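See below for the structure under consideration.
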Amino acid sequence: MTSERLSKQLEFIVELDLLKGVGRQSYVLGGARKENTAEHSWHVAVMALLLVEYARERVDPCRVVKMLLLHDVVEIDAGDTFLYDKAGNASKAAREGEAADRIFGLLPDDSAVELRALWEDFEAAETADARFAAAIDRFLPLFHNCLSNGMSWAEHGIRRAQVEQHIRPAIERGAKGLWERAEVMLDEAVAKGILKP
């Protein structure tokens with residue numbers, strides 16, 4: 001039994017390595033290349049640990065980090081859906097649900113239930129932990145864009161109103177003070193010409 005359990009756990013771990021090959025739209029700082037999903041998941045998890053004091057409600061930092069490390073594993077099958085891609089977002093839930101079935105299904109049953117529940121909680125964003133995780137997940141790409149001269153925004157012709165529409169609700173709902181910082185960053189981005197007004 002232990003051998004079969006360990007084999008399933010290791011199979012899941014091997015599967016996670018595929019996240020290193022899933023490209024995203026945000027550039028790494030310096031703009032040399034776009035980040036991959038594994039890099040994003042690690043970065044956003046560390047960011048949550050450091051910024052936990054800004055959570056709007058009391059949260060369990062360990063649970064938040066678990067969510068953020070797992071929230072994009074479905075991108076192994078479903079790919080990364082760009083926040084501003086209307087067509088991609090229309091089918092996102094279905095694609096990611098199928099991916100979750102397969103990927104979490106690699107695990108032993110008890111682990112599959114636990115990790116799938118964390119992923120579902122993140123997606124629903126109904127708990128304090130999930131709301132804070134979602135806020136940090138929305139804040140990081142904005143932060144990256146501001147620090148990489150808006151390269152991703154420029155590539156896709158993104159305007160300030162679009163950024164606000166897509167990220168403001170999650171950030172305000174989950175993290176106090178971060179939206180105010182985001183607004184300052186957006187003002188500066190528009191003033192510098194790296195984000196269209």
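Convention: chains lettered A, B, ... in structure tokens order; per-chain residue numbering from 1; ligands numbered from 1 as shown.
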Query raised in the report: In chain A, what's helix (DSSP H, G or I) per DSSP? Answer as a PyMOL selection string?
Result: chain A and resi 2-21+37-54+61-70+75-78+86-104+109-124+128-147+151-156+160-174+178-192
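Atom pair CA of Ile76 (chain A) / CA of Gly174 (chain A): separated by 26.6 Å.
Candidate residues A:Thr81, A:Ser3, A:Ser41, A:Ser148 were compared for distance to Val65 (chain A), and the nearest is A:Ser41, using only C-alpha atoms.
Closest approach to Ser26 (chain A) from the set A:Glu114, A:Glu155, A:Glu11, A:Glu53 is made by A:Glu155, with distances taken over only C-alpha atoms.
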Requested in this report: Have a look at CA of Ser7 (chain A) and CA of Asp80 (chain A) and let me know their distance in Å, one decimal.
Outcome: 27.9 Å
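Closest approach to Leu178 (chain A) among A:Leu195, A:Leu51, A:Leu107, A:Leu118: A:Leu51, based on only C-alpha atoms.
Using only C-alpha atoms, the residues found no farther than 12 Å from Gly30 (chain A), other than those of its own chain fewer than 4 positions away, are Ser26, Lys34, Glu35, His144, Asn145, Cys146, Leu147, Ser148, Asn149, Gly150 and Met151 of chain A.
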Query raised in the report: What's the 10 Å shell around His166 (chain A), counting only C-alpha atoms, without same-chain residues fewer than 5 positions away, as a PyMOL selection string?
Result: chain A and resi 83-84+138+161+171
Requested write-out: N, CA and C atoms of the selected residues, as a PDB file, in the first residue's frame:
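Output file part.pdb is given in full below:
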ATOM      1  N   LEU A  83      -5.958  37.050 -18.854  1.00  0.00           N
ATOM      2  CA  LEU A  83      -7.053  37.716 -18.158  1.00  0.00           C
ATOM      3  C   LEU A  83      -7.973  38.489 -19.095  1.00  0.00           C
ATOM      4  N   TYR A  84      -7.419  39.053 -20.167  1.00  0.00           N
ATOM      5  CA  TYR A  84      -8.186  39.918 -21.064  1.00  0.00           C
ATOM      6  C   TYR A  84      -8.682  39.195 -22.319  1.00  0.00           C
ATOM      7  N   ARG A 138      -3.962  38.632  -8.371  1.00  0.00           N
ATOM      8  CA  ARG A 138      -4.260  39.727  -9.297  1.00  0.00           C
ATOM      9  C   ARG A 138      -3.220  40.848  -9.198  1.00  0.00           C
ATOM     10  N   ALA A 161      -8.566  51.252 -17.970  1.00  0.00           N
ATOM     11  CA  ALA A 161      -9.914  50.851 -17.562  1.00  0.00           C
ATOM     12  C   ALA A 161     -10.070  49.331 -17.552  1.00  0.00           C
ATOM     13  N   ILE A 171      -8.752  42.533  -5.696  1.00  0.00           N
ATOM     14  CA  ILE A 171      -7.786  43.133  -4.775  1.00  0.00           C
ATOM     15  C   ILE A 171      -8.504  43.837  -3.630  1.00  0.00           C
TER      16      ILE A 171
END
Query raised in the report: Which neighbours of Glu172 (chain A) fall inside 12 Å, counting only C-alpha atoms, when residues of the same chain fewer than 5 positions from it are skipped, and could you give them as an MDAnalysis selection string?
Result: chainID A and resid 54:57 131:136 138:139 164:167 177:183
Report task. Provide the CA of Val22 (chain A) to CA of His43 (chain A) distance in Å, to one decimal place. Result -> 15.1 Å
Query raised in the report: For Glu4 (chain A), which residue among A:Arg24, A:Glu120, A:Met67, A:Asp109 is the nearest when counting only C-alpha atoms?
Result: A:Asp109
Report task. Compile the contact shell of Asp17 (chain A) as number ranges by chain: residues with an atom at most 12 Å away, counting only C-alpha atoms, same-chain residues fewer than 2 positions apart removed. Result -> A: 10-15, 19-22, 36-39, 73, 75-76
Export, as a short mmCIF file (atom, residue, chain, number, x, y, z; two decimals), in the first residue's frame, the selected residues with C-alpha atoms.
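What follows is the written file selection-v1.cif:
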data_model
loop_
_atom_site.label_atom_id
_atom_site.label_comp_id
_atom_site.auth_asym_id
_atom_site.auth_seq_id
_atom_site.Cartn_x
_atom_site.Cartn_y
_atom_site.Cartn_z
CA LEU A 10 5.67 10.89 -7.16
CA GLU A 11 3.64 10.69 -10.39
CA PHE A 12 1.83 13.90 -9.33
CA ILE A 13 5.14 15.57 -8.53
CA VAL A 14 6.52 14.63 -11.94
CA GLU A 15 3.34 16.00 -13.55
CA LEU A 19 4.14 23.81 -15.20
CA LYS A 20 7.66 24.99 -16.04
CA GLY A 21 6.71 24.76 -19.71
CA VAL A 22 3.39 26.63 -19.49
CA ASN A 36 6.13 30.36 -16.78
CA THR A 37 3.36 29.15 -14.50
CA ALA A 38 5.70 27.42 -12.05
CA GLU A 39 7.58 30.68 -11.56
CA VAL A 73 -1.80 23.29 -11.73
CA GLU A 75 -2.80 24.97 -16.63
CA ILE A 76 -0.80 21.81 -17.37
#
